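Undergrad: Below is one structure. I have some questions about it.
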Amino acid sequence: MGKKITDKVTWVGKVDWELTYFHGHEYSTFKGSSYNSYLIRDEKTVLIDTVWLPYDKEFVNNLKRETDLKQIDYIICNHSEVDHSGALEELMREIPDTPIYCTANGAKILKGHYHKDWNFVTVKTGDTLDIGSSKLTFIEAPMLHWPDSMMTYMSGDNILFSNDAFGQHYATESLFNDRADNCELFDQAIKYYANILTPFSRFVTKKIEEVLSFNLPVNMICTSHGVIWKDNPVQIIEKYLEWADDYRENRITVIYDTMWESTRKMAEAMAKGISGADPSVTVKVINASKEDKNDIITDIFRSKAILVGSPTINNNLSHAIGGLLEMVKGLKFKNKKAAAFGSYGWSGESVKLLNERLRSAGFELVNDGIRSLWVPDEDEEERLINFGRDFAEALK
C-alpha cells in the first residue's frame, strides 16, 4: 500500500525489515532498510525509481493498486544500481514504451544490467520536465556514489528526491524523520556516510554547495533509503557538510585481534594510558574479529586517531586486521593519526606491516609502534600504559 507524502506524491516503495547485509556481504544492515520509490500525480504521472530485484513482482502488483500502469507518463531513474532499478525490467514488460529519464551514464549502466534498449531520455543538470502545476529539475551528482547518480527537484511541493545522498539503511514504518527513533536514525546515517560516501567527500561538498547556490526552497528530502527528511530537512545537509570536512571527534579507537590474549592485554593497557593522559577523550577498545567491520569503520571515521594491533601470524597479520585495513584504505580517510602495536613469539613482523598498511591508507603515524614479546607482565604493562599516555599527549 502506498503512503501519501503530499497531495501529489505517494511513497510506493518497500520496507525490508529482514535485510542484514547489503552490497553482497560488504555492508551490515542490522536495522534493515527500505527501497524508496515515489509516484507523482499531476497533469502527468511520474514514477521515480523502483525497488530491489527480489521484490519486483510485489512492487509492480502494488503499483497497479495505486494507478493504471498505462497512465504512467514518465519513469525517472535517479540511479541504476539494482536496489533502485531492480523492478524496472518487470515494470517495462507492462509498459515497454514509457520514457525513462536518466543521465547518459545511467542509460549505459541500465543497458549493461538489463540488456534492453528501452526508450531512454538522457538529461543533464538544469534540464527540466513540465508535469503540470509542478516542474521537475534534474541535477547530476556523479560519484555520489556511482557515475550515473542524479537528484530530481520538484517545484511546488519543493521536494528534493536526493537518491542515495542523505539516506541510511534503516527500516521504519513511520517513514518521516520526526517519527523515527532519532538515536538509531543518526547512528545509521553516520554509518551510511562513513562506509559508502567517505571516499567521495570532496564531491559531496561541491554538490551540496552547487545545489544550495540554486536557492531552491526545500520542504522535504525524499531519499532512496530510510527516512524522508520532513522535519527541518536542512539538518541532514548540515551534517553531510560536517562529515565531508575530514570529520573527527575527540575520540581514540583501539582496534586489535588476538590469538592468546596478549594483544588484547596490550590494547587494554594502552587504553588506560590514553584515559589517564586525557580524561576528556572518548576511548573505545574493539576486537576486530568479534565486532562488525562496518561498525568499526564508523568508529574510525569518528576518531581523530586509532591504535591498531595484531599478533604476528605466519610472518603476517591476522585476517581480521588485514581485511579491515584493506577496506579502510579504499575509504580514503583524511586528517587522522595512528600507531601500531602487536605481540609476538619469535619473528614479530606485525608492527612493521601495520605501519606500512596505515601509511598506505593515508594515516599519519605518531611513532614507530610498540611490540611485546610473549605475554605482558607487570613491567611490560606499565610500559604499555606509558605508550598510550605518550600517544594521547602527542595528539594534543
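Order determines the names: the first chain of the C-alpha cells is A, the second B, and so forth; residues in each chain are numbered 1 upward, and ligands are numbered 1 upward as they are shown.
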Which residues, written as a PDB file with C-alpha atoms, in the first residue's frame, have at least one atom at most 6 Å from A:Met220, with only C-alpha atoms counted and residues fewer than 5 positions away on the same chain left out?
TA:
```
ATOM      1  CA  ILE A 159      10.851  18.223  -2.697  1.00  0.00           C
ATOM      2  CA  TRP A 229      13.553  14.281   5.970  1.00  0.00           C
ATOM      3  CA  LYS A 230      10.395  16.292   6.621  1.00  0.00           C
ATOM      4  CA  PRO A 233      15.392  18.751   6.369  1.00  0.00           C
TER       5      PRO A 233
END
```
Undergrad: Hey, what's within 7 Å of stretch 292-308 of chain A if we count only C-alpha atoms and toss same-chain stuff fewer than 3 positions away? As number ranges by chain, please?
TA: A: 27-28, 191, 194-195, 247-256, 324, 336-341
Undergrad: Can you list, as a PyMOL selection string, all residues belonging to stretch 116-238 of chain A that DSSP tags as strand (DSSP E or B)?
TA: chain A and resi 120-122+128-130+135-140+150-154+159-163+176+220-223+228-229
Undergrad: Take the residues that were just selected and, keeping N, CA and C atoms, output them as a PDB file, in the first residue's frame.
TA:
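Resulting contents of result-v4.pdb:
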```pdb
ATOM      1  N   PHE A 120      15.152   5.505 -23.620  1.00  0.00           N
ATOM      2  CA  PHE A 120      15.923   6.335 -22.704  1.00  0.00           C
ATOM      3  C   PHE A 120      15.911   7.788 -23.170  1.00  0.00           C
ATOM      4  N   VAL A 121      15.701   8.686 -22.220  1.00  0.00           N
ATOM      5  CA  VAL A 121      15.833  10.124 -22.458  1.00  0.00           C
ATOM      6  C   VAL A 121      16.914  10.617 -21.505  1.00  0.00           C
ATOM      7  N   THR A 122      18.068  10.982 -22.040  1.00  0.00           N
ATOM      8  CA  THR A 122      19.178  11.373 -21.175  1.00  0.00           C
ATOM      9  C   THR A 122      19.090  12.861 -20.842  1.00  0.00           C
ATOM     10  N   THR A 128      14.788  20.291 -17.474  1.00  0.00           N
ATOM     11  CA  THR A 128      13.525  20.276 -16.741  1.00  0.00           C
ATOM     12  C   THR A 128      12.480  19.445 -17.473  1.00  0.00           C
ATOM     13  N   LEU A 129      11.458  19.079 -16.724  1.00  0.00           N
ATOM     14  CA  LEU A 129      10.333  18.332 -17.267  1.00  0.00           C
ATOM     15  C   LEU A 129       9.052  18.902 -16.657  1.00  0.00           C
ATOM     16  N   ASP A 130       8.213  19.517 -17.473  1.00  0.00           N
ATOM     17  CA  ASP A 130       6.937  20.053 -17.006  1.00  0.00           C
ATOM     18  C   ASP A 130       5.934  18.921 -16.858  1.00  0.00           C
ATOM     19  N   LYS A 135       7.129  21.391 -11.811  1.00  0.00           N
ATOM     20  CA  LYS A 135       8.199  21.160 -12.776  1.00  0.00           C
ATOM     21  C   LYS A 135       9.281  20.339 -12.082  1.00  0.00           C
ATOM     22  N   LEU A 136       9.834  19.380 -12.800  1.00  0.00           N
ATOM     23  CA  LEU A 136      10.953  18.587 -12.291  1.00  0.00           C
ATOM     24  C   LEU A 136      12.247  19.120 -12.893  1.00  0.00           C
ATOM     25  N   THR A 137      13.250  19.338 -12.035  1.00  0.00           N
ATOM     26  CA  THR A 137      14.570  19.792 -12.477  1.00  0.00           C
ATOM     27  C   THR A 137      15.585  18.721 -12.118  1.00  0.00           C
ATOM     28  N   PHE A 138      16.424  18.369 -13.081  1.00  0.00           N
ATOM     29  CA  PHE A 138      17.403  17.302 -12.878  1.00  0.00           C
ATOM     30  C   PHE A 138      18.757  17.888 -12.491  1.00  0.00           C
ATOM     31  N   ILE A 139      19.417  17.221 -11.537  1.00  0.00           N
ATOM     32  CA  ILE A 139      20.722  17.665 -11.039  1.00  0.00           C
ATOM     33  C   ILE A 139      21.656  16.467 -11.035  1.00  0.00           C
ATOM     34  N   GLU A 140      22.624  16.463 -11.936  1.00  0.00           N
ATOM     35  CA  GLU A 140      23.587  15.369 -11.960  1.00  0.00           C
ATOM     36  C   GLU A 140      24.423  15.374 -10.674  1.00  0.00           C
ATOM     37  N   MET A 150      22.012  10.929  -9.974  1.00  0.00           N
ATOM     38  CA  MET A 150      21.447  12.273 -10.099  1.00  0.00           C
ATOM     39  C   MET A 150      20.353  12.459  -9.051  1.00  0.00           C
ATOM     40  N   MET A 151      19.971  13.726  -8.856  1.00  0.00           N
ATOM     41  CA  MET A 151      18.850  14.081  -7.997  1.00  0.00           C
ATOM     42  C   MET A 151      17.778  14.730  -8.871  1.00  0.00           C
ATOM     43  N   THR A 152      16.562  14.742  -8.345  1.00  0.00           N
ATOM     44  CA  THR A 152      15.447  15.384  -9.044  1.00  0.00           C
ATOM     45  C   THR A 152      14.723  16.303  -8.072  1.00  0.00           C
ATOM     46  N   TYR A 153      14.523  17.558  -8.480  1.00  0.00           N
ATOM     47  CA  TYR A 153      13.833  18.539  -7.641  1.00  0.00           C
ATOM     48  C   TYR A 153      12.451  18.806  -8.210  1.00  0.00           C
ATOM     49  N   MET A 154      11.446  18.799  -7.329  1.00  0.00           N
ATOM     50  CA  MET A 154      10.062  19.039  -7.728  1.00  0.00           C
ATOM     51  C   MET A 154       9.601  20.385  -7.179  1.00  0.00           C
ATOM     52  N   ILE A 159      10.259  19.479  -3.159  1.00  0.00           N
ATOM     53  CA  ILE A 159      10.851  18.223  -2.697  1.00  0.00           C
ATOM     54  C   ILE A 159      12.125  17.940  -3.483  1.00  0.00           C
ATOM     55  N   LEU A 160      13.190  17.588  -2.763  1.00  0.00           N
ATOM     56  CA  LEU A 160      14.413  17.100  -3.396  1.00  0.00           C
ATOM     57  C   LEU A 160      14.423  15.585  -3.282  1.00  0.00           C
ATOM     58  N   PHE A 161      14.279  14.900  -4.413  1.00  0.00           N
ATOM     59  CA  PHE A 161      14.452  13.448  -4.453  1.00  0.00           C
ATOM     60  C   PHE A 161      15.946  13.207  -4.595  1.00  0.00           C
ATOM     61  N   SER A 162      16.577  12.888  -3.464  1.00  0.00           N
ATOM     62  CA  SER A 162      18.034  13.033  -3.337  1.00  0.00           C
ATOM     63  C   SER A 162      18.824  11.792  -3.697  1.00  0.00           C
ATOM     64  N   ASN A 163      18.126  10.698  -4.069  1.00  0.00           N
ATOM     65  CA  ASN A 163      18.842   9.476  -4.418  1.00  0.00           C
ATOM     66  C   ASN A 163      19.543   8.941  -3.165  1.00  0.00           C
ATOM     67  N   PHE A 176       8.758   9.171   8.172  1.00  0.00           N
ATOM     68  CA  PHE A 176       9.336  10.503   8.318  1.00  0.00           C
ATOM     69  C   PHE A 176      10.325  10.565   9.483  1.00  0.00           C
ATOM     70  N   MET A 220      11.092  19.108   1.830  1.00  0.00           N
ATOM     71  CA  MET A 220      11.343  17.714   2.162  1.00  0.00           C
ATOM     72  C   MET A 220      12.496  17.181   1.328  1.00  0.00           C
ATOM     73  N   ILE A 221      13.256  16.252   1.921  1.00  0.00           N
ATOM     74  CA  ILE A 221      14.252  15.494   1.182  1.00  0.00           C
ATOM     75  C   ILE A 221      13.791  14.045   1.172  1.00  0.00           C
ATOM     76  N   CYS A 222      13.457  13.566  -0.012  1.00  0.00           N
ATOM     77  CA  CYS A 222      12.985  12.185  -0.175  1.00  0.00           C
ATOM     78  C   CYS A 222      14.153  11.332  -0.643  1.00  0.00           C
ATOM     79  N   THR A 223      14.690  10.542   0.251  1.00  0.00           N
ATOM     80  CA  THR A 223      15.867   9.721  -0.015  1.00  0.00           C
ATOM     81  C   THR A 223      15.490   8.417  -0.704  1.00  0.00           C
ATOM     82  N   ILE A 228      12.309   9.834   5.171  1.00  0.00           N
ATOM     83  CA  ILE A 228      12.134  11.093   4.450  1.00  0.00           C
ATOM     84  C   ILE A 228      12.373  12.223   5.451  1.00  0.00           C
ATOM     85  N   TRP A 229      13.242  13.158   5.078  1.00  0.00           N
ATOM     86  CA  TRP A 229      13.553  14.281   5.970  1.00  0.00           C
ATOM     87  C   TRP A 229      12.482  15.360   5.784  1.00  0.00           C
TER      88      TRP A 229
END
```
Undergrad: Of the candidates A:Leu88, A:Cys183, A:Leu39, A:Ile76, which shows the shortest atom-to-atom distance to A:Thr103, using only C-alpha atoms?
TA: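 Ranking A:Leu88, A:Cys183, A:Leu39, A:Ile76 by distance to A:Thr103, first place goes to A:Ile76.
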Undergrad: Mind checking which residues fall within 12 Å of A:Gly273, counting only C-alpha atoms, ignoring those fewer than 5 positions away in the same chain, and posting them as a list of chain:residue names?
TA: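 Once the adjacent positions are removed, what remains is A:Ile252, A:Val254, A:Met266, A:Ala267, A:Glu268, A:Asp278, A:Pro279, A:Val281, A:Val283, A:Glu381, A:Glu382, A:Arg383, A:Leu384, A:Ile385, A:Asn386, A:Phe387, A:Gly388, A:Arg389, A:Asp390, A:Phe391, A:Ala392, A:Glu393.
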Undergrad: Could those residues be written to a file, using N, CA and C atoms, as a compact mmCIF listing (two decimals), in the first residue's frame?
TA:
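result03.txt written:
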```
# COMPACT_ATOMS: atom_id res chain seq x y z
N ILE A 252 39.52 8.37 20.43
CA ILE A 252 40.59 7.46 20.02
C ILE A 252 40.06 6.04 20.10
N VAL A 254 40.91 1.97 19.79
CA VAL A 254 41.96 0.96 19.84
C VAL A 254 41.38 -0.33 19.26
N MET A 266 47.65 -5.84 25.66
CA MET A 266 48.33 -4.63 25.20
C MET A 266 47.32 -3.52 24.94
N ALA A 267 46.24 -3.85 24.24
CA ALA A 267 45.22 -2.85 23.89
C ALA A 267 44.62 -2.22 25.14
N GLU A 268 44.28 -3.05 26.11
CA GLU A 268 43.63 -2.53 27.31
C GLU A 268 44.58 -1.69 28.15
N ASP A 278 44.44 12.01 29.10
CA ASP A 278 43.43 12.96 28.61
C ASP A 278 42.04 12.44 28.96
N PRO A 279 41.53 12.78 30.15
CA PRO A 279 40.21 12.29 30.57
C PRO A 279 39.07 12.77 29.68
N VAL A 281 39.00 12.67 26.43
CA VAL A 281 38.90 11.91 25.19
C VAL A 281 38.05 10.66 25.40
N VAL A 283 37.52 6.91 24.65
CA VAL A 283 38.36 5.78 24.24
C VAL A 283 37.48 4.55 24.07
N GLU A 381 53.28 -4.13 31.20
CA GLU A 381 52.02 -3.41 31.23
C GLU A 381 52.25 -1.93 31.52
N GLU A 382 53.16 -1.64 32.42
CA GLU A 382 53.47 -0.24 32.72
C GLU A 382 54.06 0.46 31.51
N ARG A 383 54.89 -0.23 30.76
CA ARG A 383 55.46 0.34 29.54
C ARG A 383 54.36 0.64 28.52
N LEU A 384 53.38 -0.25 28.44
CA LEU A 384 52.27 -0.06 27.50
C LEU A 384 51.37 1.10 27.94
N ILE A 385 51.12 1.21 29.23
CA ILE A 385 50.34 2.34 29.74
C ILE A 385 51.04 3.65 29.38
N ASN A 386 52.35 3.68 29.56
CA ASN A 386 53.12 4.89 29.21
C ASN A 386 53.06 5.16 27.70
N PHE A 387 53.06 4.11 26.91
CA PHE A 387 52.95 4.29 25.45
C PHE A 387 51.61 4.94 25.10
N GLY A 388 50.52 4.45 25.73
CA GLY A 388 49.22 5.05 25.50
C GLY A 388 49.18 6.49 25.95
N ARG A 389 49.80 6.77 27.10
CA ARG A 389 49.83 8.14 27.61
C ARG A 389 50.59 9.05 26.64
N ASP A 390 51.74 8.59 26.17
CA ASP A 390 52.53 9.40 25.24
C ASP A 390 51.79 9.62 23.91
N PHE A 391 51.06 8.60 23.47
CA PHE A 391 50.29 8.71 22.23
C PHE A 391 49.23 9.80 22.38
N ALA A 392 48.51 9.80 23.51
CA ALA A 392 47.50 10.82 23.74
C ALA A 392 48.11 12.21 23.84
N GLU A 393 49.24 12.32 24.52
CA GLU A 393 49.90 13.62 24.65
C GLU A 393 50.34 14.16 23.30
```
Undergrad: From the list A:Met143, A:Val234, A:Leu373, A:Cys77, which residue is nearest A:Val123 when using only C-alpha atoms?
TA: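 Going through A:Met143, A:Val234, A:Leu373, A:Cys77 one by one, the smallest distance to A:Val123 is for A:Cys77.
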Undergrad: State, in Å with one decimal place, the distance from atom CA of A:Pro199 to atom CA of A:Asn182.
TA: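 Spanning atom CA of A:Pro199 to atom CA of A:Asn182 is a straight-line distance of 25.6 Å.
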Undergrad: DSSP on the backbone, helix (DSSP H, G or I) only: what residues of stretch 62-222 of chain A does that give? Format it as a PyMOL selection string.
TA: chain A and resi 62-66+69-71+82-85+88-94+104-114+177-179+182-213
Undergrad: By how many Å are atom CA of A:Lys290 and atom CA of A:Tyr344 apart?
TA: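 Rounded to one decimal, the two atoms are 20.8 Å apart.
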